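Participant: For reference, the structure I am asking about is given below.
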Amino acid sequence: MNDETTRSRLILAARDVFAERGVDAGSVREITARAGANLGAVTYHFGSKDALYEAVVDVVFAGVVTRVRAAHASAAGRPPLERIEAALRALFAAIRDNPDFPIVVLSQAALKHRAPAAALQQVPAMFALLASTIREGQADGTIRAGDAQLMAISLLSQPAYFGIVSQLLLPRLPGVAGPHASWEEISEHAAGFARAALAAGKEQS
């Protein structure tokens, strides 16, 4: 097993352990055992368990950002609102495919009162992409006037919120459990909500 394979196995194992037990409770011994590595492998490859956690966050966030960028790029030439919707759908799909990730990231942020450094490096790329597209739509008159940064934050807050709520709250809401709250339905709701909120001519008089 080469070093890169060992490193990848450690990241995958750590992600599972952190999702099941939390970052603080997840032990290096269990991570290395699941990865089939020796006990010193975490120190050798990452320096510490905290650094391994940052590597987990970085790998998954990088995958999310890549998917969002690809979806946005695939809608090139279409109106800004359609590109924004494509990016949002990709973000919801990424969260759907990584159901453990919002809990791992946000629970640790709540405990430590700070976001993981890897998230702080990756998230601004999605903000910038959405904000620039919003400004483009404002320039051509298809998106209403307003602070593009705040609009981008509002758009990204829905996937983050539903990433947690879908697991913790939706199953307990009468009439919303099971197939009534599928990721496809939630994604379509968010896309439609974004269009209604951003479209020019929707401002309050």
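Simple scheme: letters A, B, ... for chains in structure tokens order, numbers from 1 for residues in each chain, numbers from 1 for ligands in the order shown.
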Give me the residues within 6 Å of stretch 88-99 of chain A as a list in words, counting only C-alpha atoms and dropping any in the same chain fewer than 2 places off.

Facilitator: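 That gives Val64, Val68, Glu85, Ala86, Phe101, Pro159 and Ser187 of chain A.
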
Participant: Go ahead and dump the residues you just picked, C-alpha atoms, as a compact mmCIF listing (two decimals), in the first residue's frame.

Facilitator:
# COMPACT_ATOMS: atom_id res chain seq x y z
CA VAL A 64 -19.05 19.96 -3.85
CA VAL A 68 -21.51 23.35 -8.56
CA GLU A 85 -30.87 27.25 -10.61
CA ALA A 86 -28.46 24.74 -12.18
CA PHE A 101 -21.18 15.90 5.69
CA PRO A 159 -29.03 23.80 1.07
CA SER A 187 -34.30 20.82 -4.73

Participant: Taking the DSSP assignment computed from this structure's backbone, write out as a PyMOL selection string all residues of stretch 71-147 of chain A that belong to alpha helix (DSSP H).

Facilitator: chain A and resi 71-74+80-97+101-112+117-140

Participant: At a cut-off of 6 Å, using only C-alpha atoms, what residues contact stretch 30-47 of chain A? Leave out same-chain residues fewer than 5 positions from it and give the result as an NGL selection string.

Facilitator: :A and (9-10 or 13-14 or 52)

Participant: Write out, as a JSON list (two decimals), in the first residue's frame, the residues just selected, with N, CA and C atoms.

Facilitator:
[["chain", "number", "residue", "atom", "x", "y", "z"],
["A", 9, "ARG", "N", -7.20, 6.26, 2.30],
["A", 9, "ARG", "CA", -7.93, 5.36, 3.19],
["A", 9, "ARG", "C", -8.18, 6.00, 4.55],
["A", 10, "LEU", "N", -7.21, 6.73, 5.04],
["A", 10, "LEU", "CA", -7.37, 7.41, 6.32],
["A", 10, "LEU", "C", -8.47, 8.47, 6.26],
["A", 13, "ALA", "N", -11.85, 6.63, 6.15],
["A", 13, "ALA", "CA", -12.15, 6.04, 7.46],
["A", 13, "ALA", "C", -12.48, 7.12, 8.48],
["A", 14, "ALA", "N", -11.72, 8.21, 8.45],
["A", 14, "ALA", "CA", -11.97, 9.30, 9.41],
["A", 14, "ALA", "C", -13.33, 9.92, 9.17],
["A", 52, "LEU", "N", -6.22, 15.93, 10.17],
["A", 52, "LEU", "CA", -6.93, 14.91, 9.40],
["A", 52, "LEU", "C", -8.38, 15.35, 9.18]]

Participant: Within 9 Å of stretch 127-142 of chain A, counting only C-alpha atoms, which residues show up once you throw out same-chain ones fewer than 2 positions away? Write them as a list of chain:residue names, please.

Facilitator: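 Selected residues are A:Arg69, A:His72, A:Pro79, A:Pro80, A:Leu81, A:Arg83, A:Ile84, A:Ala87, A:Val123, A:Pro124, A:Ala125, A:Arg144, A:Ala145, A:Gly146, A:Asp147, A:Ala148, A:Gln149, A:Leu150, A:Met151, A:Ala152, A:Ile153, A:Leu155, A:Leu156, A:Leu198, A:Ala199, A:Ala200, A:Gly201.
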